[in-house]
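Engineer: Mind looking over this structure? Questions follow.
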Amino acid sequence: MRVALHQRKSKLPKFIPMLNDLGAGEVNLRLSRGSGVATFTRASTAYTRLSTGLFALVGSGVARSAYAADGTYLGYFAEGARADVLGTTNEIRRTMTDVGWVAGATMTVGTATGADGVASAGASLTGGAVEATNTILFTTVLASAQRTFSAWVRRKTGSGTVSMTDNNGTNWTNLTLTTTYQLFQLTRTQANPIVGFRISTNTDAIEVDFNTIEAAAFANSTPIPVNVSKAEDQLSFPLAGNINQTQGTIYLEVTAVAQASQEHLISRVTSGGVPLYVQTNGTEISIFDGATEASSPAATLPFTTPTKLASSWSGTTMRAFNSGTKGTDAVFDGNMSIVGGIAVGYDGAGTGAPPFGSIRAAPIYNRKLSDDQLKAMTT
């Protein structure tokens with residue numbers, strides 16, 4: 001049975017940001033319904049992934065589109081602030097020609113086309129006849145903390161084992177490589193990480209780009225610009241004409257790249273309720289009216305593929321849906337109490353984490369849709 005979502009004009013979404021691609025990795029943030037204009041800020045440059053799979057650098061204040069590795073458009077891309085502590089030069093992070101990178105006697109280091117398509121921007125590593133010296137390592141001086149070492153790696157020649165380490169080879173992690181650059185990462189709490197790679201087979205070669213160490217539990221899903229701390233993506237819309245605080249529905253298609261607690265998908269710019277967020281390390285979808293919250297059944301968001309979510313509020317009831325499944329109702333206090341504007345993909349109040357993912361659709365309805373409608377929308 002098909003559920004009709006739009007039976008008369010009053011049931012149409014009040015607010016829909018157009019999140020379609022504009023080309024060159026930029027996204028259209030125009031409102032097709034609703035009032036006011038989008039406000040987008042990011043106080044740094046950032047990389048965006050194009051439909052070709054290559055990365056491109058966009059300027060500060062430019063909103064980014066997101067694409068999957070296979071070229072599928074995923075929507076507006078939102079990431080939190082991140083910084084690299086491995087180094088601030090291309091020679092450390094990209095070509096691996098800095099003297100800090102110590103190659104074993106049988107490891108040969110050259111240049112390769114980078115993950116951004118720029119010639120000689122990345123590193124080419126070729127192993128020789130002795131596995132024990134087919135290594136390249138970089139020693140850091142960092143206080144003990146949880147850190148993630150990551151790099152974009154692809155196979156150039158051969159089929160033998162390739163490994164990476166973040167603790168001087170005490171542990172080697174084997175990589176499943178293809179001829180396309182992929183992000184690989186290791187997370188550990190330790191001081192002075194010694195990071196690098198090993199090639200097990202004579203004449204096998206790999207290409208490596210954007211070596212990075214971040215003080216975080218997972219790597220940023222796009223490269224961090226060299227010598228730049230990437231700022232948070234902040235997209236917001238005015239409250240007036242865009243949301244009904246006493247009754248409404250939010251639908252969202254989101255693709256997570258990593259998960260932490262309290263990821264705010266649709267939030268507030270300064271204070272008040274949070275209409276749609278992920279909590280408990282991605283196991284519940286919740287709505288919070290400033291006093292109480294309702295959550296969906298536990299179900300972790302899958303990485304790399306869109307998940308359909310929704311929340312609704314009216315009268316004395318609010319609820320959340322995840323992939324067609326409704327959670328337990330909670331008491332709604334009558335007002336979402338959002339202050340300052342509607343934040344998309346971040347929390348302006350600073351109490352929630354950004355989602356580090358893409359948002360493909362985000363209509364906000366000015367009425368509470370039925371359970372049948374919400375189930376049909378999110379299935």
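If you're wondering about the labels, chains in the structure tokens are A, B, ... by order shown, residues count from 1 in each chain, ligands from 1 in order shown.
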Excluding Ile359 in chain A and its own-chain neighbours fewer than 4 positions away, which residues fall within 9 Å of it when counting only C-alpha atoms? Please give them as a list in words.
Structural biologist: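 The contact residues come out as Leu19, Ala66, Leu74, Gly75, Tyr76, Phe77, Ala78, Leu252, Glu253, Val254, Thr255, Ala256, Leu265, Pro306, Val344 and Gly345 of chain A.
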Engineer: Output N, CA and C atoms of each residue in that selection to a file, as a short mmCIF file (atom, residue, chain, number, x, y, z; two decimals), in the first residue's frame.
Structural biologist:
```
data_model
loop_
_atom_site.label_atom_id
_atom_site.label_comp_id
_atom_site.auth_asym_id
_atom_site.auth_seq_id
_atom_site.Cartn_x
_atom_site.Cartn_y
_atom_site.Cartn_z
N LEU A 19 19.88 20.50 -1.40
CA LEU A 19 21.22 20.00 -1.11
C LEU A 19 21.83 19.31 -2.32
N ALA A 66 29.22 15.80 -1.07
CA ALA A 66 29.91 14.55 -0.74
C ALA A 66 29.54 13.49 -1.77
N LEU A 74 25.99 11.91 -2.29
CA LEU A 74 25.51 11.66 -0.93
C LEU A 74 24.93 12.90 -0.25
N GLY A 75 25.13 14.10 -0.83
CA GLY A 75 24.51 15.28 -0.26
C GLY A 75 25.49 16.29 0.31
N TYR A 76 24.95 17.17 1.15
CA TYR A 76 25.75 18.19 1.85
C TYR A 76 26.67 17.51 2.84
N PHE A 77 27.92 17.96 2.89
CA PHE A 77 28.91 17.31 3.74
C PHE A 77 29.21 18.16 4.97
N ALA A 78 29.13 17.54 6.15
CA ALA A 78 29.37 18.24 7.41
C ALA A 78 30.43 17.52 8.22
N LEU A 252 15.11 12.86 7.41
CA LEU A 252 16.52 13.04 7.09
C LEU A 252 17.09 11.78 6.46
N GLU A 253 17.88 11.97 5.42
CA GLU A 253 18.71 10.90 4.87
C GLU A 253 20.16 11.26 5.16
N VAL A 254 20.82 10.45 5.96
CA VAL A 254 22.17 10.76 6.39
C VAL A 254 23.08 9.57 6.15
N THR A 255 24.30 9.86 5.75
CA THR A 255 25.32 8.83 5.58
C THR A 255 26.45 9.11 6.56
N ALA A 256 26.63 8.21 7.52
CA ALA A 256 27.66 8.40 8.54
C ALA A 256 29.00 7.86 8.05
N LEU A 265 22.28 16.18 14.31
CA LEU A 265 22.00 16.27 12.89
C LEU A 265 21.21 17.53 12.56
N PRO A 306 23.17 5.64 2.76
CA PRO A 306 22.22 6.52 3.44
C PRO A 306 21.26 5.76 4.36
N VAL A 344 22.09 22.71 10.87
CA VAL A 344 22.10 21.47 10.10
C VAL A 344 23.51 20.90 10.10
N GLY A 345 23.66 19.71 10.70
CA GLY A 345 24.96 19.06 10.71
C GLY A 345 25.95 19.59 11.72
#
```
Engineer: Write down as an MDAnalysis selection string the residues of range 53-185 of chain A whose backbone DSSP state falls under alpha helix (DSSP H).
Structural biologist: chainID A and resid 90:93
Engineer: With 6 Å as the cut-off and only C-alpha atoms counted, what is the closest atom pair between each nearby residue of range 43-74 of chain A and range 115-128 of chain A? Distances in Å to one decimal, ordered by chain and number, as CSV.
Structural biologist:
```
residue,atom,partner,partner_atom,distance
A:Leu54,CA,A:Asp116,CA,5.0
A:Phe55,CA,A:Asp116,CA,4.4
A:Ala56,CA,A:Asp116,CA,5.9
```
Engineer: Residues near Asn192 in chain A, anyone? I mean within 8 Å using only C-alpha atoms, not counting same-chain ones fewer than 4 positions away, as a list of chain:residue names.
Structural biologist: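 The neighbour list is A:Thr139, A:Thr140, A:Val141, A:Leu142, A:Ala143, A:Ser144.
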Engineer: For those residues, write C-alpha atoms to a file as a PDB file, in the first residue's frame.
Structural biologist:
```
ATOM      1  CA  THR A 139      58.888   9.256  14.767  1.00  0.00           C
ATOM      2  CA  THR A 140      56.782  11.892  16.521  1.00  0.00           C
ATOM      3  CA  VAL A 141      57.206  13.714  19.826  1.00  0.00           C
ATOM      4  CA  LEU A 142      53.724  13.832  21.337  1.00  0.00           C
ATOM      5  CA  ALA A 143      52.331  13.471  24.840  1.00  0.00           C
ATOM      6  CA  SER A 144      50.346  10.341  25.622  1.00  0.00           C
TER       7      SER A 144
END
```
Engineer: Tell me which protein, DNA and RNA residues are within 7 Å of Pro13 in chain A, counting only C-alpha atoms, leaving out same-chain ones fewer than 3 positions away, and put them as a list in words.
Structural biologist: Ile16, Pro363, Ile364, Tyr365 and Asn366 of chain A
Engineer: Determine the nearest neighbour of Ala216 in chain A from the options A:Gln182, A:Thr113, A:Gln146, A:Thr89, counting only C-alpha atoms.
Structural biologist: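 Of A:Gln182, A:Thr113, A:Gln146, A:Thr89, the one nearest Ala216 in chain A, counting only C-alpha atoms, is A:Gln146.
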Engineer: Excluding Ile342 in chain A and its own-chain neighbours fewer than 5 positions away, which residues fall within 8 Å of it when counting only C-alpha atoms? Please give them as a ChimeraX atom specification.
Structural biologist: /A:236-239,266-269
Engineer: Please report the interatomic distance between CA of Asn322 in chain A and CA of Phe288 in chain A in Å with one decimal.
Structural biologist: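 If I compute the distance from CA of Asn322 in chain A to CA of Phe288 in chain A, I get 15.5 Å.
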Engineer: Which residue out of A:Tyr67, A:Phe15, A:Phe218, A:Phe197 has the minimum interatomic distance to Ala362 in chain A when only C-alpha atoms are used?
Structural biologist: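 Looking at the shortest contact to Ala362 in chain A, the residue is A:Phe15.
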Engineer: When you draw a straight line from CA of Met164 in chain A to CA of Thr97 in chain A, how long is it in Å?
Structural biologist: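 CA of Thr97 in chain A lies 17.7 Å from CA of Met164 in chain A.
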Engineer: DSSP on the backbone: what in range 133-353 of chain A comes out strand (DSSP E or B), as a compact mmCIF listing (two decimals) with C-alpha atoms, in the first residue's frame?
Structural biologist:
```txt
# COMPACT_ATOMS: atom_id res chain seq x y z
CA THR A 135 59.81 -0.28 5.84
CA ILE A 136 59.45 3.46 6.16
CA LEU A 137 58.82 5.04 9.58
CA PHE A 138 58.29 8.50 11.06
CA THR A 139 58.89 9.26 14.77
CA ALA A 145 46.78 10.59 24.31
CA GLN A 146 44.31 8.79 22.10
CA ARG A 147 45.37 9.48 18.52
CA THR A 148 44.49 8.18 15.07
CA PHE A 149 47.10 7.71 12.35
CA SER A 150 45.61 7.63 8.87
CA ALA A 151 46.66 7.72 5.23
CA TRP A 152 45.18 7.34 1.77
CA VAL A 153 46.79 4.30 0.14
CA ARG A 154 46.41 2.39 -3.13
CA ARG A 155 48.25 -0.48 -4.81
CA LYS A 156 50.56 0.33 -7.70
CA THR A 157 52.00 -3.10 -8.56
CA VAL A 162 51.18 -4.39 2.72
CA SER A 163 50.93 -3.26 6.37
CA MET A 164 50.84 -0.09 8.41
CA THR A 165 51.86 0.59 12.02
CA ASN A 167 53.78 1.84 17.27
CA THR A 173 47.96 -4.14 10.38
CA ASN A 174 47.51 -5.63 6.91
CA GLN A 182 41.28 4.37 0.22
CA LEU A 183 41.46 5.75 3.76
CA PHE A 184 43.15 3.45 6.31
CA GLN A 185 43.48 4.28 10.01
CA LEU A 186 44.85 3.03 13.32
CA THR A 187 43.80 4.34 16.74
CA ARG A 188 45.78 3.92 19.96
CA THR A 189 46.47 5.71 23.23
CA GLN A 190 50.22 6.19 23.55
CA ILE A 194 56.08 5.91 15.36
CA VAL A 195 54.04 5.46 12.19
CA GLY A 196 54.69 3.98 8.79
CA PHE A 197 54.38 1.16 6.28
CA ARG A 198 55.89 -2.22 5.34
CA ILE A 199 55.84 -4.08 2.00
CA ALA A 205 54.73 -0.99 -4.88
CA ILE A 206 52.10 1.22 -3.25
CA GLU A 207 51.18 4.89 -3.43
CA VAL A 208 50.49 6.89 -0.27
CA ASP A 209 49.08 10.37 0.32
CA PHE A 210 47.95 12.63 3.17
CA ASN A 211 49.60 10.90 6.15
CA THR A 212 47.88 12.39 9.20
CA ILE A 213 47.74 12.07 12.99
CA GLU A 214 44.68 13.46 14.78
CA LYS A 230 40.21 22.41 9.25
CA GLN A 234 28.29 25.29 10.07
CA LEU A 235 25.03 25.53 8.15
CA SER A 236 21.96 27.24 9.64
CA PHE A 237 18.59 28.71 8.66
CA GLY A 248 6.19 19.21 13.24
CA THR A 249 8.14 16.45 11.59
CA ILE A 250 11.73 16.17 10.38
CA TYR A 251 12.85 13.65 7.77
CA LEU A 252 16.52 13.04 7.09
CA GLU A 253 18.71 10.90 4.87
CA VAL A 254 22.17 10.76 6.39
CA THR A 255 25.32 8.83 5.58
CA ALA A 256 27.66 8.40 8.54
CA GLU A 263 25.89 13.67 17.09
CA HIS A 264 23.52 16.53 16.38
CA LEU A 265 22.00 16.27 12.89
CA ILE A 266 19.28 18.94 13.14
CA SER A 267 19.94 21.13 16.17
CA ARG A 268 19.80 24.69 17.47
CA SER A 271 20.02 26.83 22.83
CA VAL A 274 17.34 19.18 19.42
CA PRO A 275 14.83 17.77 16.89
CA LEU A 276 17.02 14.98 15.54
CA TYR A 277 20.30 13.53 16.80
CA VAL A 278 22.26 10.32 17.20
CA GLN A 279 23.26 9.32 20.71
CA GLU A 284 19.76 5.40 18.94
CA ILE A 285 18.04 8.20 17.08
CA SER A 286 16.52 10.74 19.45
CA ILE A 287 14.45 13.91 19.70
CA PHE A 288 14.88 16.29 22.68
CA GLU A 293 13.70 12.90 24.91
CA ALA A 294 12.25 10.07 22.81
CA SER A 295 14.51 7.53 21.11
CA PHE A 303 28.70 3.62 7.10
CA THR A 307 19.96 5.84 6.43
CA LYS A 308 16.42 7.24 6.59
CA LEU A 309 15.47 8.85 9.90
CA ALA A 310 12.55 10.92 11.19
CA SER A 311 11.22 12.56 14.33
CA SER A 312 7.88 14.18 15.14
CA TRP A 313 6.28 16.24 17.88
CA SER A 314 2.80 17.60 18.73
CA THR A 317 3.82 13.24 22.32
CA MET A 318 7.13 13.06 20.46
CA ARG A 319 8.78 10.08 18.79
CA ALA A 320 11.67 8.98 16.58
CA PHE A 321 11.89 6.58 13.63
CA ASN A 322 14.96 4.77 12.28
CA THR A 325 11.03 1.27 13.07
CA LYS A 326 9.33 3.46 15.70
CA ALA A 330 7.99 10.34 25.22
CA VAL A 331 6.07 13.24 26.74
CA VAL A 339 16.65 29.43 19.92
CA ILE A 342 18.03 25.72 12.84
CA ALA A 343 21.51 24.19 12.71
CA VAL A 344 22.10 21.47 10.10
CA ALA A 353 29.20 16.53 18.31
```
Engineer: When you draw a straight line from CA of Val27 in chain A to CA of Pro355 in chain A, how long is it in Å?
Structural biologist: 17.5 Å
